[in-house]
Amino acid sequence: MTYVIGANCVDVKDRTCVAECPVACIHEGDRMLYIHPEECVDCGACEPVCPVEAIYHVDDLPADWLWHLDAATEVTAGREDAEPVPDHPAVTALPARPPTW
């Protein structure tokens, strides 16, 4: 099983989860972060530290966010050691989130 980063991360990318991940399975795209589903050890360390509640266990992922698992699988394929990844086309197509500051 794995954890998944969803839509709340788009244009936020807080990165607190990256520091908490013991196996460096969180990859950074231009607009959001992605958890490599094959590298995730299902420890859950990332979920409680996310300030925008973007991280869910795959079993608890909201139905309208299920596509984020497929997106993460596609963009992290063949990547290792938290290498940067290109954003998934579905993410790049999302409207920009206005800054909160």
# chains A, B, ... in the order shown; residues from 1 in each chain; ligands from 1
>>> residues_around(residues="Arg97 of chain A", least_positions_apart="2", cutoff="10 Å", atoms="only C-alpha atoms", output="VMD selection string")
chain A and resid 8 to 12 31 94 to 95 99 to 100
>>> write_last_selection(atoms="N, CA and C atoms", output="PDB file, in the first residue's frame")
ATOM      1  N   ASN A   8      -4.723  19.278  -2.959  1.00  0.00           N
ATOM      2  CA  ASN A   8      -4.423  20.378  -2.050  1.00  0.00           C
ATOM      3  C   ASN A   8      -2.960  20.800  -2.098  1.00  0.00           C
ATOM      4  N   CYS A   9      -2.107  19.968  -2.653  1.00  0.00           N
ATOM      5  CA  CYS A   9      -0.678  20.280  -2.749  1.00  0.00           C
ATOM      6  C   CYS A   9      -0.361  21.162  -3.966  1.00  0.00           C
ATOM      7  N   VAL A  10      -1.227  21.172  -4.955  1.00  0.00           N
ATOM      8  CA  VAL A  10      -0.953  21.897  -6.191  1.00  0.00           C
ATOM      9  C   VAL A  10      -0.709  23.377  -5.888  1.00  0.00           C
ATOM     10  N   ASP A  11       0.420  23.869  -6.347  1.00  0.00           N
ATOM     11  CA  ASP A  11       0.867  25.253  -6.176  1.00  0.00           C
ATOM     12  C   ASP A  11       1.157  25.639  -4.724  1.00  0.00           C
ATOM     13  N   VAL A  12       1.255  24.643  -3.829  1.00  0.00           N
ATOM     14  CA  VAL A  12       1.597  24.897  -2.427  1.00  0.00           C
ATOM     15  C   VAL A  12       2.977  24.320  -2.126  1.00  0.00           C
ATOM     16  N   ARG A  31       4.625  21.925  -9.885  1.00  0.00           N
ATOM     17  CA  ARG A  31       3.445  22.441  -9.195  1.00  0.00           C
ATOM     18  C   ARG A  31       3.028  21.658  -7.967  1.00  0.00           C
ATOM     19  N   LEU A  94      -4.560  21.984 -14.518  1.00  0.00           N
ATOM     20  CA  LEU A  94      -5.358  22.608 -13.447  1.00  0.00           C
ATOM     21  C   LEU A  94      -5.129  24.117 -13.430  1.00  0.00           C
ATOM     22  N   PRO A  95      -6.152  24.891 -13.081  1.00  0.00           N
ATOM     23  CA  PRO A  95      -5.956  26.338 -12.982  1.00  0.00           C
ATOM     24  C   PRO A  95      -4.982  26.655 -11.839  1.00  0.00           C
ATOM     25  N   PRO A  99      -1.878  32.862  -4.748  1.00  0.00           N
ATOM     26  CA  PRO A  99      -1.053  32.845  -3.527  1.00  0.00           C
ATOM     27  C   PRO A  99      -1.897  33.201  -2.303  1.00  0.00           C
ATOM     28  N   THR A 100      -1.517  32.624  -1.165  1.00  0.00           N
ATOM     29  CA  THR A 100      -2.266  32.872   0.068  1.00  0.00           C
ATOM     30  C   THR A 100      -1.642  33.964   0.921  1.00  0.00           C
TER      31      THR A 100
END
>>> residues_around(residues="segment 42-54 of chain A", least_positions_apart="5", cutoff="6 Å", atoms="only C-alpha atoms", output="mmCIF file with N, CA, C and O atoms, in the first residue's frame")
data_model
loop_
_atom_site.group_PDB
_atom_site.id
_atom_site.type_symbol
_atom_site.label_atom_id
_atom_site.label_comp_id
_atom_site.auth_asym_id
_atom_site.auth_seq_id
_atom_site.Cartn_x
_atom_site.Cartn_y
_atom_site.Cartn_z
ATOM 1 N N THR A 2 0.259 2.377 -0.189
ATOM 2 C CA THR A 2 1.018 3.611 -0.311
ATOM 3 C C THR A 2 0.194 4.802 0.165
ATOM 4 O O THR A 2 -1.009 4.702 0.360
ATOM 5 N N ILE A 5 -0.382 11.947 -2.546
ATOM 6 C CA ILE A 5 -0.526 13.390 -2.389
ATOM 7 C C ILE A 5 -1.547 13.853 -3.417
ATOM 8 O O ILE A 5 -1.433 13.542 -4.597
ATOM 9 N N GLY A 6 -2.542 14.604 -2.947
ATOM 10 C CA GLY A 6 -3.629 15.025 -3.821
ATOM 11 C C GLY A 6 -3.636 16.505 -4.115
ATOM 12 O O GLY A 6 -2.664 17.238 -3.886
ATOM 13 N N ASN A 8 -4.723 19.278 -2.959
ATOM 14 C CA ASN A 8 -4.423 20.378 -2.050
ATOM 15 C C ASN A 8 -2.960 20.800 -2.098
ATOM 16 O O ASN A 8 -2.607 21.885 -1.641
ATOM 17 N N CYS A 9 -2.107 19.968 -2.653
ATOM 18 C CA CYS A 9 -0.678 20.280 -2.749
ATOM 19 C C CYS A 9 -0.361 21.162 -3.966
ATOM 20 O O CYS A 9 0.666 21.839 -3.990
ATOM 21 N N CYS A 17 6.614 17.285 4.394
ATOM 22 C CA CYS A 17 6.528 15.833 4.243
ATOM 23 C C CYS A 17 7.849 15.240 3.753
ATOM 24 O O CYS A 17 8.229 14.133 4.137
ATOM 25 N N GLU A 20 10.137 14.563 6.574
ATOM 26 C CA GLU A 20 9.677 13.479 7.451
ATOM 27 C C GLU A 20 9.832 12.096 6.836
ATOM 28 O O GLU A 20 9.873 11.100 7.551
#
>>> select_by_dssp(residues="chain A", states="strand (DSSP E or B)", output="JSON, numbers by chain")
{"A": [3, 4, 5, 26, 27, 28, 33, 34, 35, 55, 56, 57]}
>>> atom_distance(atom1="atom CA of Trp67 of chain A", atom2="atom CA of Arg79 of chain A")
19.5 Å
>>> residues_around(residues="Glu38 of chain A", least_positions_apart="6", cutoff="9 Å", atoms="only C-alpha atoms", output="list in words")
Met1, Thr2, Cys25, Thr73 and Ala77 of chain A
>>> closest_residue(among="A:Asp30, A:Asp87, A:Glu39, A:Asp14", to="Ala71 of chain A", atoms="only C-alpha atoms")
A:Asp87
>>> residues_around(residues="Val18 of chain A", least_positions_apart="5", cutoff="9 Å", atoms="only C-alpha atoms", output="list in words")
Ala24, Cys25, Ile26, His27, Leu33, Cys46 and Ala82 of chain A
>>> atom_distance(atom1="atom CA of Ala63 of chain A", atom2="atom CA of Arg15 of chain A")
24.2 Å
